[in-house]
Amino acid sequence: MSLNASQREAVETLSGPLLVLAGAGTGKTRVVTYRIARLIKSGIAPERILAVTFTNKAAREMLERVSALLPKRADSKRPEISTFHSHCVRILRRNIHHLGYPNLFTIYDRGDQESIARQVLQSVKVANGAIKPGDFLKQVGAWKSAGIRPSTAQETAQSSKDYLCALAYGSYQRRLRDLGAVDFDDILLLTEDLFKEYPETLVAESELFDHILIDEYQDTNMSQYRIVRGLATPHRNLCVVGDDDQAIYGWRGAQVQHILNFQKDWPDAKVVRLEDNYRSTSEILTWANRLIDFNRTRHAKHLRSPLAGVRPRIIQCADGEEEASRVVGSIKERIDVGKCNPRDFAILFRTNQQPRAFEMQMREQNIPYTVVGGQSFFDRKEIKDVISWLNVLIRPQNDVALLRIINCPPRHIGSTTLGKFREYAVKNGRPVWDALNSKSEVFATLDAKTQDAVGNFRSLVQRQAARFRASFTPDSILELLEASRYQDEIDRMYSDPEERKARRRSVEEVVEAAGYYLKEHPGASLRDFLDDTSLGGADFASQQDKRSEENAVMLTTYHAAKGLEFKEVYMVGMEEGLLPHSHSLEDMTEQAVEEERRLCYVGVTRAQERLTLSFAVSRMKYGKMRPTIPSRFLYEATGQADNPRYLQVKEGMYLKQKDKNKGGRSH
C-alpha cells in the first residue's frame, strides 16, 4: 500500500531482465528493498539473491531495510548485499590462486601503492621527479578502469611520459603479485581475468545465485559491466536500477552507455520509469527538468511533485568574497529567526579551492560547519600503523606493512638494518620476513643487540598471530597494542597532551569498529574485518554517523553530495570554467559538457524546499581580479537559453553576458 503504481510494477516484476529508471528522489532504495523482500516471500531462498551497490553505507542501509520487512527468525539466512568490490573480493578469496596469487592476498591502500610505485619507477630508470608516484598511479588507475592490461598499455601511449608509465605498469603488477598483494582497481580487473582465463570459475560463481540486482547501474565501469553480464547470463534474472541523468563518474571510468544500452544488451528487458519525486517542490523540479532536457543522450524522464514551494533564486555578486558573505549571511538570517537549524543547509561547490571564503565567513558568523573531503580517517598515521600491524599478523610476507611497523615504536632496528632487509628482499625475490630468520644471511651480519631485537620482534609477531587465529575480538586488538607498546609511539610522536588524546582516541576507534563489525558479522575473522576496512571502512560507521548527526552546515562537492538531501541548498560559483568546469570546456566534446550538466542536475535535486544559485561577476584568478561569464546552466534552468546574452537575476533585472566570440553565442 505504500508504493505508487510504478514502484509496485518494479517490485512485482520478479523474473527476466528489468531496467528501473529511478529519477532523483523517487524512492529508489524503497523499490530495491521491497523487491528483494518480495522475491523472498515468493519462495526464492534469501541466499540465492545477490544485490550489489557502490558504497558500504548503501549496502548496510539496504540490508537493514530488507531485514525489517521480513519475519524475524533466528535461523533465517540473508541475501548477499554488498558493494561490487566486496563481492569480488569474496570471489577472489575462493579462486585467485589460479592467477598465481595467494588466497590470503593483501589489499594495498594508496600509501602502500605509492611505496611500490617509487620502487618500480626506479627499476625502469625513470629519473627522480620525472614521473611522480601519484601521477603514475593515476595513469595506471585510468588504464585499469578501461580494462587495459600492461601488455597493451604501450599501444595507448600518446607521449614519452605515457610510454614510461606503460613500462613501469608491468613491473608494478609483477611486484604486487610477488608481494601477494592487489590494489583497489585489481579487485575488479583480476575477477574479470579469472572469469576469462578459467571459465569454470564463472560457472561456479554464477550458480550461487538465481537473482541479481544492481543499484546505481549508471556508475558501472567496463569491468563491472562484464562481471555482471557473466554472472547474470545463465538465469537472466537481472534487475538494474539507476538514473542516467545522475551519471557523474565518467572521470573514474563509469560509462553511462551501460544504462542507455541496457535494452540492446537484453532485448526482452522490461522498463519501468519512476518519476514521482518525494523530495523536492515542483518549483525546484521545474528548473531540474528544464536543465537536464538539454542533454541529448538520455532516457526520457520528467520528474513531478505534489509539493508546492518558493521559486529558486539567483544571487549575483561582485566577487567571490561578496558571494561568500551574502550566502553565509542568508544562512545566518534563516537560523537566527528560527526557521532552520544549521544541519538543514548545504553549500555545494565544484572545486576544492572554493570553500575557503565560505569557511572564513562561517567562523566570523559563528555558524557550525563541516567540510566533506578533508583528511580520510584511514590516512592518519596511527590508523595506518594499527592496520599494518593487523595485516602483518595475517601475512608477515607483506613487506610494506612489515617495514612500516618493525621499528614502530623504536626497538633498536635502525635504518641501516632495514636497508639490509630491503636489499635482501630485492636481490633474492623473497619477502623481508625471510630475512628476519636467524638462519638467513642478513641476520648473521647484525650485531648481537640488533639480533636480539629482530628475534624478539619475530617472536612477538608469531605469538600475536597465533592469538588472533584462536580468536578475533576487540580485546585481542587491545592486547596487541599493549604487547607492541604502540602507545609509546604516540607518546614519542606527539608532545601536546590534546594531540596525544586525539590520536589515542583514533586508535580506540579501530577497537570499537572491530566490535561493531563482529556484532554485524558474528564469527568473522580478522581477514574479513581487514577486507572491509580496505574497501572503504564500512564498519567505522561511528565516524560517518557522528558527522551526519552534527548540527552543522555542510560544505561539500557536488560529487560527494550525491545521494544526500537538504532543506536548503546553495549552489555557488555558477560560472563558466567552474560549472561547467574548464576541463570539460577544454575537452570540447558534447559528452564532457553533458556530464557537467548532470552534475549540476544532481545539485539542483538535492534541495527539498529552497534552492539558491550564486555567481560572481568577477573572481580572483592568478592574483588578479578577472571578469567571469555566468554558467550556461543558469540560462537553461531558468528557461532563458534562447536569449543567452541576458540572464534574469530578479524580476525585471537582467545581467548582460559577455560574448566570448564576437557576434556569437557565448556558450
# chains A, B, ... in the order shown; residues from 1 in each chain; ligands from 1

$ residues_around --residues "Thr473 in chain A" --least-positions-apart "3" --cutoff "10 Å" --atoms "only C-alpha atoms" --output "list in words"
Phe468, Ala470, Ser476, Ile477, Leu478, Val511, Ala514, Gly515, Tyr517, Leu518, Gly523, Ala524, Ser525 and Leu526 of chain A

$ write_last_selection --atoms "N, CA and C atoms" --output "mmCIF file, in the first residue's frame"
data_model
loop_
_atom_site.group_PDB
_atom_site.id
_atom_site.type_symbol
_atom_site.label_atom_id
_atom_site.label_comp_id
_atom_site.auth_asym_id
_atom_site.auth_seq_id
_atom_site.Cartn_x
_atom_site.Cartn_y
_atom_site.Cartn_z
ATOM 1 N N PHE A 468 45.405 -14.319 17.396
ATOM 2 C CA PHE A 468 44.309 -13.891 16.529
ATOM 3 C C PHE A 468 43.698 -15.065 15.773
ATOM 4 N N ALA A 470 43.315 -17.953 17.036
ATOM 5 C CA ALA A 470 42.464 -18.617 18.023
ATOM 6 C C ALA A 470 41.170 -17.853 18.238
ATOM 7 N N SER A 476 41.428 -8.701 21.657
ATOM 8 C CA SER A 476 42.683 -9.160 21.066
ATOM 9 C C SER A 476 43.454 -7.991 20.454
ATOM 10 N N ILE A 477 42.740 -6.993 19.929
ATOM 11 C CA ILE A 477 43.421 -5.803 19.401
ATOM 12 C C ILE A 477 44.039 -5.010 20.542
ATOM 13 N N LEU A 478 43.312 -4.892 21.662
ATOM 14 C CA LEU A 478 43.860 -4.188 22.831
ATOM 15 C C LEU A 478 45.128 -4.877 23.329
ATOM 16 N N VAL A 511 39.364 -0.321 17.651
ATOM 17 C CA VAL A 511 38.845 -1.350 18.561
ATOM 18 C C VAL A 511 37.321 -1.355 18.533
ATOM 19 N N ALA A 514 35.976 -2.880 15.366
ATOM 20 C CA ALA A 514 36.011 -4.347 15.386
ATOM 21 C C ALA A 514 34.798 -4.893 16.129
ATOM 22 N N GLY A 515 34.446 -4.243 17.244
ATOM 23 C CA GLY A 515 33.268 -4.672 17.990
ATOM 24 C C GLY A 515 31.994 -4.516 17.180
ATOM 25 N N TYR A 517 31.786 -4.452 13.909
ATOM 26 C CA TYR A 517 31.830 -5.392 12.788
ATOM 27 C C TYR A 517 31.427 -6.796 13.236
ATOM 28 N N LEU A 518 31.956 -7.229 14.377
ATOM 29 C CA LEU A 518 31.654 -8.572 14.864
ATOM 30 C C LEU A 518 30.190 -8.708 15.288
ATOM 31 N N GLY A 523 31.274 -14.295 14.227
ATOM 32 C CA GLY A 523 32.190 -15.337 13.783
ATOM 33 C C GLY A 523 33.149 -14.914 12.690
ATOM 34 N N ALA A 524 33.117 -13.635 12.296
ATOM 35 C CA ALA A 524 34.008 -13.168 11.229
ATOM 36 C C ALA A 524 35.466 -13.231 11.690
ATOM 37 N N SER A 525 36.355 -13.333 10.712
ATOM 38 C CA SER A 525 37.783 -13.418 11.010
ATOM 39 C C SER A 525 38.438 -12.047 10.900
ATOM 40 N N LEU A 526 39.677 -11.965 11.350
ATOM 41 C CA LEU A 526 40.451 -10.740 11.197
ATOM 42 C C LEU A 526 40.591 -10.390 9.721
#

$ residues_around --residues "range 17-26 of chain A" --least-positions-apart "6" --cutoff "8 Å" --atoms "only C-alpha atoms" --output "JSON, numbers by chain"
{"A": [10, 236, 237, 238, 239, 240, 241, 242, 243, 244, 245, 246, 262, 266, 268, 269, 270, 271, 272, 273, 274, 275, 276, 277, 278, 279, 280, 301, 303, 602, 605]}

$ atom_distance --atom1 "CA of Thr53 in chain A" --atom2 "CA of Asn4 in chain A"
23.4 Å

$ closest_residue --among "A:Ser471, A:Asn289, A:Gln7, A:Thr297" --to "Ala592 in chain A" --atoms "only C-alpha atoms"
A:Thr297
